[in-house]
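Data block for final_4.pdb (PDB, C-alpha atoms):
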```
MODEL        1
ATOM      1  CA  MET A   1     212.875  72.498 129.845
ATOM      2  CA  GLU A   2     213.802  73.884 133.257
ATOM      3  CA  THR A   3     216.221  76.798 133.094
ATOM      4  CA  MET A   4     219.708  75.904 134.266
ATOM      5  CA  ASP A   5     223.038  77.678 134.426
ATOM      6  CA  ARG A   6     226.231  76.235 132.977
ATOM      7  CA  ASP A   7     229.183  76.182 135.340
ATOM      8  CA  PRO A   8     232.719  76.987 134.128
ATOM      9  CA  VAL A   9     234.021  73.468 133.547
ATOM     10  CA  PHE A  10     237.396  74.361 132.021
ATOM     11  CA  ALA A  11     238.547  77.197 134.275
ATOM     12  CA  GLY A  12     241.963  76.265 135.618
ATOM     13  CA  GLN A  13     242.737  74.279 132.462
ATOM     14  CA  PHE A  14     242.259  76.417 129.353
ATOM     15  CA  TYR A  15     242.303  79.712 131.270
ATOM     16  CA  ALA A  16     242.833  80.883 134.850
ATOM     17  CA  ASP A  17     240.266  79.909 137.478
ATOM     18  CA  SER A  18     239.962  83.324 139.133
ATOM     19  CA  PHE A  19     238.553  86.572 137.751
ATOM     20  CA  ASP A  20     241.577  88.562 138.921
ATOM     21  CA  GLN A  21     243.849  86.260 136.907
ATOM     22  CA  TRP A  22     241.975  85.651 133.656
ATOM     23  CA  LEU A  23     240.734  89.208 133.055
ATOM     24  CA  PRO A  24     244.206  90.848 132.859
ATOM     25  CA  VAL A  25     245.363  88.111 130.474
ATOM     26  CA  VAL A  26     242.334  88.614 128.244
ATOM     27  CA  ARG A  27     242.689  92.398 128.247
ATOM     28  CA  CYS A  28     246.372  92.083 127.376
ATOM     29  CA  CYS A  29     245.455  89.887 124.407
ATOM     30  CA  MET A  30     242.917  92.473 123.229
ATOM     31  CA  GLU A  31     244.922  95.669 123.635
ATOM     32  CA  GLY A  32     246.188  97.756 120.746
ATOM     33  CA  GLU A  33     243.373  96.896 118.329
ATOM     34  CA  THR A  34     240.738  99.202 116.836
ATOM     35  CA  ARG A  35     237.110  98.130 116.615
ATOM     36  CA  ALA A  36     235.701  98.083 113.094
ATOM     37  CA  ASP A  37     233.034 100.614 112.112
ATOM     38  CA  ALA A  38     231.043  98.094 110.071
ATOM     39  CA  LEU A  39     228.751  95.644 111.819
ATOM     40  CA  THR A  40     230.357  92.236 112.250
ATOM     41  CA  ARG A  41     228.056  89.578 110.790
ATOM     42  CA  LEU A  42     230.285  86.700 111.833
ATOM     43  CA  VAL A  43     233.554  86.300 113.669
ATOM     44  CA  MET A  44     235.571  83.074 113.920
ATOM     45  CA  VAL A  45     237.978  82.645 116.824
ATOM     46  CA  PRO A  46     240.112  79.737 118.107
ATOM     47  CA  HIS A  47     239.504  77.880 121.362
ATOM     48  CA  ALA A  48     242.787  76.456 122.617
ATOM     49  CA  GLY A  49     244.216  77.404 125.992
ATOM     50  CA  HIS A  50     244.600  81.157 126.283
ATOM     51  CA  VAL A  51     248.395  80.825 126.452
ATOM     52  CA  PHE A  52     248.315  79.305 122.957
ATOM     53  CA  SER A  53     245.460  80.963 121.044
ATOM     54  CA  GLY A  54     244.523  83.876 123.279
ATOM     55  CA  LYS A  55     246.346  86.486 121.222
ATOM     56  CA  VAL A  56     244.493  85.478 118.049
ATOM     57  CA  ALA A  57     241.116  85.340 119.815
ATOM     58  CA  GLY A  58     241.719  88.599 121.649
ATOM     59  CA  ARG A  59     243.003  90.567 118.665
ATOM     60  CA  THR A  60     240.096  89.344 116.545
ATOM     61  CA  LEU A  61     237.324  90.058 119.030
ATOM     62  CA  ALA A  62     238.833  93.463 119.838
ATOM     63  CA  GLN A  63     238.493  94.357 116.139
ATOM     64  CA  ALA A  64     234.973  92.943 115.830
ATOM     65  CA  ASN A  65     231.918  95.184 116.070
ATOM     66  CA  LEU A  66     229.460  92.715 117.567
ATOM     67  CA  THR A  67     225.822  93.290 118.346
ATOM     68  CA  ASP A  68     224.501  92.982 121.913
ATOM     69  CA  THR A  69     223.197  89.477 121.151
ATOM     70  CA  VAL A  70     225.323  86.773 119.563
ATOM     71  CA  LEU A  71     224.670  83.285 118.252
ATOM     72  CA  LEU A  72     227.528  81.093 119.523
ATOM     73  CA  LEU A  73     228.317  78.167 117.219
ATOM     74  CA  GLY A  74     230.909  75.616 118.255
ATOM     75  CA  PRO A  75     231.907  72.051 117.419
ATOM     76  CA  ASN A  76     230.968  69.009 119.470
ATOM     77  CA  HIS A  77     234.256  67.351 120.430
ATOM     78  CA  THR A  78     232.670  64.875 122.836
ATOM     79  CA  GLY A  79     229.984  63.327 120.634
ATOM     80  CA  LEU A  80     227.492  63.713 123.468
ATOM     81  CA  GLY A  81     224.011  65.139 123.086
ATOM     82  CA  ALA A  82     221.986  66.231 120.082
ATOM     83  CA  PRO A  83     223.482  66.968 116.635
ATOM     84  CA  LEU A  84     222.300  70.599 116.776
ATOM     85  CA  ALA A  85     222.136  71.293 120.494
ATOM     86  CA  VAL A  86     220.749  74.618 121.727
ATOM     87  CA  TRP A  87     221.310  75.656 125.358
ATOM     88  CA  PRO A  88     217.841  77.045 126.031
ATOM     89  CA  GLY A  89     218.178  79.548 128.871
ATOM     90  CA  GLY A  90     219.798  80.594 132.131
ATOM     91  CA  ARG A  91     223.369  81.828 132.333
ATOM     92  CA  TRP A  92     226.837  80.655 131.343
ATOM     93  CA  LEU A  93     229.071  81.261 134.323
ATOM     94  CA  LEU A  94     232.748  82.190 134.461
ATOM     95  CA  PRO A  95     234.900  82.673 137.565
ATOM     96  CA  GLY A  96     233.633  86.045 138.801
ATOM     97  CA  ALA A  97     231.459  86.789 135.756
ATOM     98  CA  GLU A  98     228.516  85.548 133.714
ATOM     99  CA  LEU A  99     226.724  85.952 130.391
ATOM    100  CA  ALA A 100     222.964  85.539 130.106
ATOM    101  CA  VAL A 101     221.374  83.284 127.506
ATOM    102  CA  ASP A 102     218.716  84.971 125.362
ATOM    103  CA  GLY A 103     215.994  82.460 126.144
ATOM    104  CA  GLU A 104     213.425  84.101 123.891
ATOM    105  CA  LEU A 105     215.684  83.892 120.851
ATOM    106  CA  ALA A 106     216.688  80.325 121.712
ATOM    107  CA  ALA A 107     213.027  79.340 121.930
ATOM    108  CA  ALA A 108     212.280  80.988 118.581
ATOM    109  CA  ILE A 109     215.109  79.059 116.911
ATOM    110  CA  LEU A 110     213.934  75.787 118.455
ATOM    111  CA  GLN A 111     210.405  76.397 117.216
ATOM    112  CA  ALA A 112     211.518  77.346 113.705
ATOM    113  CA  GLU A 113     214.001  74.522 113.068
ATOM    114  CA  PRO A 114     213.055  70.979 114.168
ATOM    115  CA  ALA A 115     216.652  69.824 113.592
ATOM    116  CA  CYS A 116     217.665  72.020 116.544
ATOM    117  CA  THR A 117     217.109  70.451 119.959
ATOM    118  CA  ALA A 118     217.066  71.963 123.447
ATOM    119  CA  ASP A 119     219.974  69.975 124.862
ATOM    120  CA  ARG A 120     222.586  70.514 127.555
ATOM    121  CA  ALA A 121     224.471  67.220 127.269
ATOM    122  CA  ALA A 122     226.382  68.398 124.185
ATOM    123  CA  HIS A 123     227.652  71.444 126.110
ATOM    124  CA  LEU A 124     228.483  70.164 129.586
ATOM    125  CA  ARG A 125     231.927  68.750 128.722
ATOM    126  CA  GLU A 126     232.564  70.834 125.590
ATOM    127  CA  HIS A 127     235.260  73.510 125.875
ATOM    128  CA  SER A 128     234.996  75.342 122.551
ATOM    129  CA  LEU A 129     232.427  77.989 123.507
ATOM    130  CA  GLU A 130     233.460  78.407 127.138
ATOM    131  CA  VAL A 131     237.019  79.319 126.158
ATOM    132  CA  ALA A 132     235.719  82.249 124.069
ATOM    133  CA  LEU A 133     233.491  83.647 126.799
ATOM    134  CA  PRO A 134     236.153  85.572 128.758
ATOM    135  CA  PHE A 135     236.973  87.599 125.632
ATOM    136  CA  LEU A 136     233.302  88.179 124.864
ATOM    137  CA  TRP A 137     232.631  89.277 128.452
ATOM    138  CA  ALA A 138     235.612  91.632 128.396
ATOM    139  CA  ALA A 139     234.292  93.193 125.182
ATOM    140  CA  ASN A 140     230.718  93.516 126.486
ATOM    141  CA  PRO A 141     229.677  92.270 129.955
ATOM    142  CA  GLU A 142     226.005  92.793 129.027
ATOM    143  CA  LEU A 143     226.218  90.527 125.981
ATOM    144  CA  ARG A 144     223.433  87.977 125.556
ATOM    145  CA  ILE A 145     224.206  84.618 123.977
ATOM    146  CA  VAL A 146     222.514  81.645 122.314
ATOM    147  CA  PRO A 147     224.974  78.703 122.449
ATOM    148  CA  ILE A 148     224.605  75.940 119.837
ATOM    149  CA  ALA A 149     226.873  72.876 119.578
ATOM    150  CA  VAL A 150     227.006  71.863 115.917
ATOM    151  CA  GLY A 151     227.762  68.188 115.339
ATOM    152  CA  ASP A 152     225.599  67.216 112.361
ATOM    153  CA  PRO A 153     227.997  66.395 109.499
ATOM    154  CA  ARG A 154     225.439  66.651 106.689
ATOM    155  CA  PRO A 155     225.945  69.818 104.629
ATOM    156  CA  GLY A 156     222.305  69.861 103.525
ATOM    157  CA  VAL A 157     221.119  69.844 107.134
ATOM    158  CA  LEU A 158     223.512  72.684 107.983
ATOM    159  CA  ALA A 159     222.305  74.785 105.042
ATOM    160  CA  GLY A 160     218.668  74.052 105.863
ATOM    161  CA  ALA A 161     219.138  74.980 109.516
ATOM    162  CA  ALA A 162     220.810  78.216 108.461
ATOM    163  CA  ALA A 163     217.800  79.106 106.301
ATOM    164  CA  LYS A 164     215.367  78.559 109.175
ATOM    165  CA  ILE A 165     217.536  80.453 111.660
ATOM    166  CA  ALA A 166     217.898  83.303 109.162
ATOM    167  CA  GLU A 167     214.103  83.628 109.116
ATOM    168  CA  VAL A 168     214.133  83.959 112.903
ATOM    169  CA  LEU A 169     216.912  86.563 112.811
ATOM    170  CA  ALA A 170     215.179  88.690 110.154
ATOM    171  CA  GLY A 171     214.368  91.987 111.818
ATOM    172  CA  ARG A 172     216.760  91.297 114.722
ATOM    173  CA  VAL A 173     220.301  92.552 115.074
ATOM    174  CA  VAL A 174     222.397  89.496 115.930
ATOM    175  CA  SER A 175     226.037  88.638 115.227
ATOM    176  CA  ILE A 176     227.440  85.116 114.897
ATOM    177  CA  VAL A 177     230.511  83.889 116.790
ATOM    178  CA  VAL A 178     232.038  80.634 115.539
ATOM    179  CA  SER A 179     234.609  78.784 117.638
ATOM    180  CA  SER A 180     237.136  76.754 115.643
ATOM    181  CA  ASP A 181     240.789  75.860 115.583
ATOM    182  CA  MET A 182     242.411  75.154 112.229
ATOM    183  CA  ASN A 183     244.622  72.203 111.197
ATOM    184  CA  HIS A 184     245.999  69.988 113.978
ATOM    185  CA  PHE A 185     249.346  68.232 114.550
ATOM    186  CA  ALA A 186     251.143  68.679 111.236
ATOM    187  CA  SER A 187     254.327  70.687 110.733
ATOM    188  CA  ASP A 188     254.151  74.467 110.934
ATOM    189  CA  GLU A 189     254.849  74.730 107.209
ATOM    190  CA  LYS A 190     252.138  72.266 106.193
ATOM    191  CA  THR A 191     249.614  73.684 108.646
ATOM    192  CA  ARG A 192     250.011  77.199 107.286
ATOM    193  CA  ARG A 193     249.659  75.890 103.733
ATOM    194  CA  VAL A 194     246.492  73.848 104.261
ATOM    195  CA  ASP A 195     244.968  76.434 106.581
ATOM    196  CA  GLN A 196     245.327  79.000 103.814
ATOM    197  CA  ARG A 197     243.290  76.796 101.484
ATOM    198  CA  ALA A 198     240.480  76.636 104.016
ATOM    199  CA  LEU A 199     240.771  80.364 104.666
ATOM    200  CA  ASP A 200     240.590  81.110 100.938
ATOM    201  CA  ALA A 201     237.140  79.474 100.875
ATOM    202  CA  ILE A 202     236.097  81.502 103.911
ATOM    203  CA  LEU A 203     237.380  84.741 102.381
ATOM    204  CA  GLY A 204     235.349  83.883  99.288
ATOM    205  CA  LEU A 205     232.246  83.586 101.509
ATOM    206  CA  ASN A 206     231.702  80.093 100.116
ATOM    207  CA  PRO A 207     230.576  77.674 102.848
ATOM    208  CA  MET A 208     230.262  74.661 100.556
ATOM    209  CA  GLU A 209     233.766  75.233  99.201
ATOM    210  CA  LEU A 210     235.014  75.374 102.789
ATOM    211  CA  TYR A 211     233.223  72.126 103.657
ATOM    212  CA  GLY A 212     234.492  70.401 100.509
ATOM    213  CA  THR A 213     238.063  71.643 100.891
ATOM    214  CA  VAL A 214     238.335  70.602 104.531
ATOM    215  CA  ARG A 215     236.775  67.182 103.902
ATOM    216  CA  GLY A 216     238.486  66.537 100.571
ATOM    217  CA  GLU A 217     241.975  67.511 101.742
ATOM    218  CA  ASN A 218     241.671  66.016 105.243
ATOM    219  CA  ILE A 219     242.233  69.343 106.968
ATOM    220  CA  SER A 220     241.576  68.755 110.662
ATOM    221  CA  MET A 221     239.678  72.015 111.244
ATOM    222  CA  CYS A 222     237.531  71.012 114.213
ATOM    223  CA  GLY A 223     234.912  73.712 113.681
ATOM    224  CA  VAL A 224     234.221  73.183 109.998
ATOM    225  CA  LEU A 225     230.603  72.222 110.755
ATOM    226  CA  PRO A 226     229.702  75.316 112.820
ATOM    227  CA  MET A 227     231.635  77.494 110.375
ATOM    228  CA  THR A 228     229.743  76.019 107.423
ATOM    229  CA  LEU A 229     226.447  76.722 109.179
ATOM    230  CA  GLY A 230     227.608  80.162 110.286
ATOM    231  CA  MET A 231     228.777  81.186 106.814
ATOM    232  CA  HIS A 232     225.498  80.120 105.237
ATOM    233  CA  LEU A 233     223.710  82.195 107.841
ATOM    234  CA  ALA A 234     225.979  85.226 107.452
ATOM    235  CA  ASN A 235     225.464  85.162 103.687
ATOM    236  CA  MET A 236     221.694  85.040 104.146
ATOM    237  CA  LEU A 237     221.942  88.031 106.483
ATOM    238  CA  GLY A 238     223.818  90.113 103.920
ATOM    239  CA  ALA A 239     227.529  89.434 104.390
ATOM    240  CA  SER A 240     229.686  91.016 101.694
ATOM    241  CA  THR A 241     233.337  90.841 102.795
ATOM    242  CA  ALA A 242     235.632  88.712 104.942
ATOM    243  CA  ARG A 243     239.148  89.250 106.235
ATOM    244  CA  VAL A 244     241.701  87.447 108.378
ATOM    245  CA  ALA A 245     242.152  89.535 111.524
ATOM    246  CA  ALA A 246     244.903  87.382 113.052
ATOM    247  CA  TYR A 247     246.688  84.087 112.486
ATOM    248  CA  ALA A 248     249.247  82.066 114.439
ATOM    249  CA  THR A 249     250.272  78.515 115.224
ATOM    250  CA  SER A 250     251.050  76.873 118.541
ATOM    251  CA  GLY A 251     254.662  76.631 117.400
ATOM    252  CA  GLU A 252     255.030  80.362 117.904
ATOM    253  CA  VAL A 253     254.358  79.803 121.619
ATOM    254  CA  ASN A 254     256.144  76.567 122.462
ATOM    255  CA  GLY A 255     258.770  76.493 119.719
ATOM    256  CA  ASP A 256     257.724  73.061 118.407
ATOM    257  CA  LEU A 257     257.383  73.509 114.647
ATOM    258  CA  LEU A 258     257.043  69.791 113.886
ATOM    259  CA  SER A 259     253.541  69.375 115.327
ATOM    260  CA  VAL A 260     251.398  72.490 115.606
ATOM    261  CA  VAL A 261     247.783  73.634 115.711
ATOM    262  CA  GLY A 262     246.689  76.553 113.540
ATOM    263  CA  TYR A 263     244.661  79.437 114.951
ATOM    264  CA  ALA A 264     242.805  81.899 112.728
ATOM    265  CA  GLY A 265     240.650  84.887 113.539
ATOM    266  CA  VAL A 266     238.237  85.905 110.770
ATOM    267  CA  ILE A 267     235.796  88.816 110.593
ATOM    268  CA  VAL A 268     232.887  88.746 108.132
ATOM    269  CA  GLU A 269     231.014  92.010 107.520
TER     270      GLU A 269
ENDMDL
END
```
Final structure tokens representation of the file:
Amino acid sequence: METMDRDPVFAGQFYADSFDQWLPVVRCCMEGETRADALTRLVMVPHAGHVFSGKVAGRTLAQANLTDTVLLLGPNHTGLGAPLAVWPGGRWLLPGAELAVDGELAAAILQAEPACTADRAAHLREHSLEVALPFLWAANPELRIVPIAVGDPRPGVLAGAAAKIAEVLAGRVVSIVVSSDMNHFASDEKTRRVDQRALDAILGLNPMELYGTVRGENISMCGVLPMTLGMHLANMLGASTARVAAYATSGEVNGDLLSVVGYAGVIVE
């Protein structure tokens, strides 16, 4: 597949459309935190507009100790493209900045796991990974990424893909970044309650419990599929602890406590 760059589709909507505007906002969201000493195996951050979830994303990624290459796992909100869609090369562009795709690692994953497909359609109109990129760039402008849109709902496929990807990552130093918001459009009180149940499964490093809890209790966590895959993978790579680095709801920003979205930042080491 010919190498192509991905343009910043959501600049001016989810975050500012000029470098001189988005970078100060991102740095403000990240200030005051201390980076962990332990290697971050996986970090989960939200992907709403920066005015809503930026503080949670920024505080979390400022605490994370990421490697120089990260596997980016996000949901597929649009339904377009392949169920496990890997962007195979080139660059992901931001206004005034860019992050390079690790094409060699992407190719190795595609070769190892037939369920993964080199596919751009799933990413072109998907916001979840793009919204995290300004924070990742601010933390490390030389970061290399492998973006994967995760839309396959079958837990067995997700676990199997994690096993194959883990084989590829053996001997490499790679962190995982999962993009996910938590429950959507319930009251602040209910959202905090059901989000905690999903977070309890994450803190227990139990991806199947997370999947079952979210599905069984109708928690509208949009990134449950990439998080299930990412947790399987983190466990296979030696994860031992997880903690909530930040949490908030949209109600804290706009004052509407009747219909909120939950935002959690999690670090797995």
What lies within 10 Å of Ala48 (chain A) using all atoms listed in the file, ignoring chain neighbours under 2 positions off, as a count of residues only? 21
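Distance check against Met236 (chain A) using all atoms listed in the file: of A:Ala201, A:Ile109, A:Ala186, A:Ala161, the minimum falls on A:Ala161.
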Neighbouring residues of Ser18 (chain A) were defined as those with any atom within 10 Å, considering only C-alpha atoms; residues of the same chain fewer than 6 positions away were excluded. Please report them as a VMD selection string. chain A and resid 11 to 12 94 to 97
Atom pair CA of Asp195 (chain A) + CA of Leu158 (chain A), distance 21.8 Å
Would you pick out the contacts of Pro141 (chain A) at 9 Å or less, using all atoms listed in the file, so that residues sharing its chain but fewer than 5 positions from it are not included, and give the list as a PyMOL selection string? chain A and resi 97-99+136
When you count only C-alpha atoms, which of these residues is closest to Thr67 (chain A): A:Glu142, A:Asp152, A:Asp7, A:Glu252? A:Glu142
Closest of A:Asp20, A:Asp68, A:Glu33, A:Asp5 to Val173 (chain A), counting only C-alpha atoms, is A:Asp68
Near Ala106 (chain A), within 12 Å and counting all atoms listed in the file, which residues show up once chain neighbours fewer than 4 positions away are dropped, as a PDB file with C-alpha atoms, in the coordinates of the input?
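Generated file (result_8.pdb):
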```pdb
ATOM      1  CA  MET A   1     212.875  72.498 129.845  1.00  0.00           C
ATOM      2  CA  THR A   3     216.221  76.798 133.094  1.00  0.00           C
ATOM      3  CA  THR A  69     223.197  89.477 121.151  1.00  0.00           C
ATOM      4  CA  VAL A  70     225.323  86.773 119.563  1.00  0.00           C
ATOM      5  CA  LEU A  71     224.670  83.285 118.252  1.00  0.00           C
ATOM      6  CA  LEU A  72     227.528  81.093 119.523  1.00  0.00           C
ATOM      7  CA  ALA A  85     222.136  71.293 120.494  1.00  0.00           C
ATOM      8  CA  VAL A  86     220.749  74.618 121.727  1.00  0.00           C
ATOM      9  CA  TRP A  87     221.310  75.656 125.358  1.00  0.00           C
ATOM     10  CA  PRO A  88     217.841  77.045 126.031  1.00  0.00           C
ATOM     11  CA  GLY A  89     218.178  79.548 128.871  1.00  0.00           C
ATOM     12  CA  GLY A  90     219.798  80.594 132.131  1.00  0.00           C
ATOM     13  CA  ALA A 100     222.964  85.539 130.106  1.00  0.00           C
ATOM     14  CA  VAL A 101     221.374  83.284 127.506  1.00  0.00           C
ATOM     15  CA  ASP A 102     218.716  84.971 125.362  1.00  0.00           C
ATOM     16  CA  LEU A 110     213.934  75.787 118.455  1.00  0.00           C
ATOM     17  CA  GLN A 111     210.405  76.397 117.216  1.00  0.00           C
ATOM     18  CA  ALA A 112     211.518  77.346 113.705  1.00  0.00           C
ATOM     19  CA  GLU A 113     214.001  74.522 113.068  1.00  0.00           C
ATOM     20  CA  CYS A 116     217.665  72.020 116.544  1.00  0.00           C
ATOM     21  CA  THR A 117     217.109  70.451 119.959  1.00  0.00           C
ATOM     22  CA  ALA A 118     217.066  71.963 123.447  1.00  0.00           C
ATOM     23  CA  ASP A 119     219.974  69.975 124.862  1.00  0.00           C
ATOM     24  CA  ARG A 144     223.433  87.977 125.556  1.00  0.00           C
ATOM     25  CA  ILE A 145     224.206  84.618 123.977  1.00  0.00           C
ATOM     26  CA  VAL A 146     222.514  81.645 122.314  1.00  0.00           C
ATOM     27  CA  PRO A 147     224.974  78.703 122.449  1.00  0.00           C
ATOM     28  CA  ILE A 148     224.605  75.940 119.837  1.00  0.00           C
ATOM     29  CA  ILE A 165     217.536  80.453 111.660  1.00  0.00           C
ATOM     30  CA  VAL A 168     214.133  83.959 112.903  1.00  0.00           C
ATOM     31  CA  LEU A 169     216.912  86.563 112.811  1.00  0.00           C
TER      32      LEU A 169
END
```
Do you have the CA of Val244 (chain A)-CA of Gly265 (chain A) distance handy? 5.9 Å
What do you get, as a VMD selection string, if you spell out every residue that the PyMOL selection byres ((chain A and resi 209) around 12) selects here? chain A and resid 155 197 to 208 210 to 217 224 227 to 228 231 to 232
Would you write out those residues with C-alpha atoms, as a PDB file, in the frame of the given file?
```pdb
ATOM      1  CA  PRO A 155     225.945  69.818 104.629  1.00  0.00           C
ATOM      2  CA  ARG A 197     243.290  76.796 101.484  1.00  0.00           C
ATOM      3  CA  ALA A 198     240.480  76.636 104.016  1.00  0.00           C
ATOM      4  CA  LEU A 199     240.771  80.364 104.666  1.00  0.00           C
ATOM      5  CA  ASP A 200     240.590  81.110 100.938  1.00  0.00           C
ATOM      6  CA  ALA A 201     237.140  79.474 100.875  1.00  0.00           C
ATOM      7  CA  ILE A 202     236.097  81.502 103.911  1.00  0.00           C
ATOM      8  CA  LEU A 203     237.380  84.741 102.381  1.00  0.00           C
ATOM      9  CA  GLY A 204     235.349  83.883  99.288  1.00  0.00           C
ATOM     10  CA  LEU A 205     232.246  83.586 101.509  1.00  0.00           C
ATOM     11  CA  ASN A 206     231.702  80.093 100.116  1.00  0.00           C
ATOM     12  CA  PRO A 207     230.576  77.674 102.848  1.00  0.00           C
ATOM     13  CA  MET A 208     230.262  74.661 100.556  1.00  0.00           C
ATOM     14  CA  LEU A 210     235.014  75.374 102.789  1.00  0.00           C
ATOM     15  CA  TYR A 211     233.223  72.126 103.657  1.00  0.00           C
ATOM     16  CA  GLY A 212     234.492  70.401 100.509  1.00  0.00           C
ATOM     17  CA  THR A 213     238.063  71.643 100.891  1.00  0.00           C
ATOM     18  CA  VAL A 214     238.335  70.602 104.531  1.00  0.00           C
ATOM     19  CA  ARG A 215     236.775  67.182 103.902  1.00  0.00           C
ATOM     20  CA  GLY A 216     238.486  66.537 100.571  1.00  0.00           C
ATOM     21  CA  GLU A 217     241.975  67.511 101.742  1.00  0.00           C
ATOM     22  CA  VAL A 224     234.221  73.183 109.998  1.00  0.00           C
ATOM     23  CA  MET A 227     231.635  77.494 110.375  1.00  0.00           C
ATOM     24  CA  THR A 228     229.743  76.019 107.423  1.00  0.00           C
ATOM     25  CA  MET A 231     228.777  81.186 106.814  1.00  0.00           C
ATOM     26  CA  HIS A 232     225.498  80.120 105.237  1.00  0.00           C
TER      27      HIS A 232
END
```
Point (243.4, 87.7, 119.3), cut-off 9 Å, counting only C-alpha atoms, residues as a PyMOL selection string: chain A and resi 29-30+45-46+53-63+245-247+264-265
Residue with smallest distance to Val253 (chain A) - pool A:Lys164, A:Leu39, A:Val157, A:Asp188, counting all atoms listed in the file: A:Asp188
Since the input is missing atoms, can you rebuild N, CA and C atoms for region 242-258 of chain A and write them as a CSV table (one decimal), in the frame of the given file?
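New file out00.csv:
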```
chain,number,residue,atom,x,y,z
A,242,ALA,N,235.0,89.4,103.8
A,242,ALA,CA,235.6,88.7,104.9
A,242,ALA,C,237.1,89.0,104.9
A,243,ARG,N,237.7,89.0,106.1
A,243,ARG,CA,239.1,89.2,106.2
A,243,ARG,C,239.7,88.4,107.4
A,244,VAL,N,241.0,88.1,107.3
A,244,VAL,CA,241.7,87.4,108.4
A,244,VAL,C,242.2,88.5,109.3
A,245,ALA,N,241.8,88.5,110.6
A,245,ALA,CA,242.2,89.5,111.5
A,245,ALA,C,243.4,89.2,112.3
A,246,ALA,N,243.7,87.9,112.4
A,246,ALA,CA,244.9,87.4,113.1
A,246,ALA,C,245.1,85.9,112.7
A,247,TYR,N,246.4,85.5,112.7
A,247,TYR,CA,246.7,84.1,112.5
A,247,TYR,C,248.0,83.8,113.2
A,248,ALA,N,248.0,82.5,113.8
A,248,ALA,CA,249.2,82.1,114.4
A,248,ALA,C,249.2,80.5,114.5
A,249,THR,N,250.3,79.9,114.9
A,249,THR,CA,250.3,78.5,115.2
A,249,THR,C,250.8,78.3,116.6
A,250,SER,N,250.5,77.2,117.2
A,250,SER,CA,251.0,76.9,118.5
A,250,SER,C,252.6,76.9,118.6
A,251,GLY,N,253.2,76.6,117.4
A,251,GLY,CA,254.7,76.6,117.4
A,251,GLY,C,255.3,78.0,117.8
A,252,GLU,N,254.5,79.0,117.5
A,252,GLU,CA,255.0,80.4,117.9
A,252,GLU,C,255.1,80.5,119.4
A,253,VAL,N,254.4,79.7,120.2
A,253,VAL,CA,254.4,79.8,121.6
A,253,VAL,C,255.4,78.8,122.2
A,254,ASN,N,255.3,77.6,121.8
A,254,ASN,CA,256.1,76.6,122.5
A,254,ASN,C,257.4,76.2,121.7
A,255,GLY,N,257.6,76.7,120.5
A,255,GLY,CA,258.8,76.5,119.7
A,255,GLY,C,258.8,75.2,119.0
A,256,ASP,N,257.8,74.3,119.1
A,256,ASP,CA,257.7,73.1,118.4
A,256,ASP,C,257.1,73.3,117.0
A,257,LEU,N,257.9,73.3,116.0
A,257,LEU,CA,257.4,73.5,114.6
A,257,LEU,C,257.1,72.2,113.9
A,258,LEU,N,257.3,71.1,114.5
A,258,LEU,CA,257.0,69.8,113.9
A,258,LEU,C,255.6,69.3,114.0
```
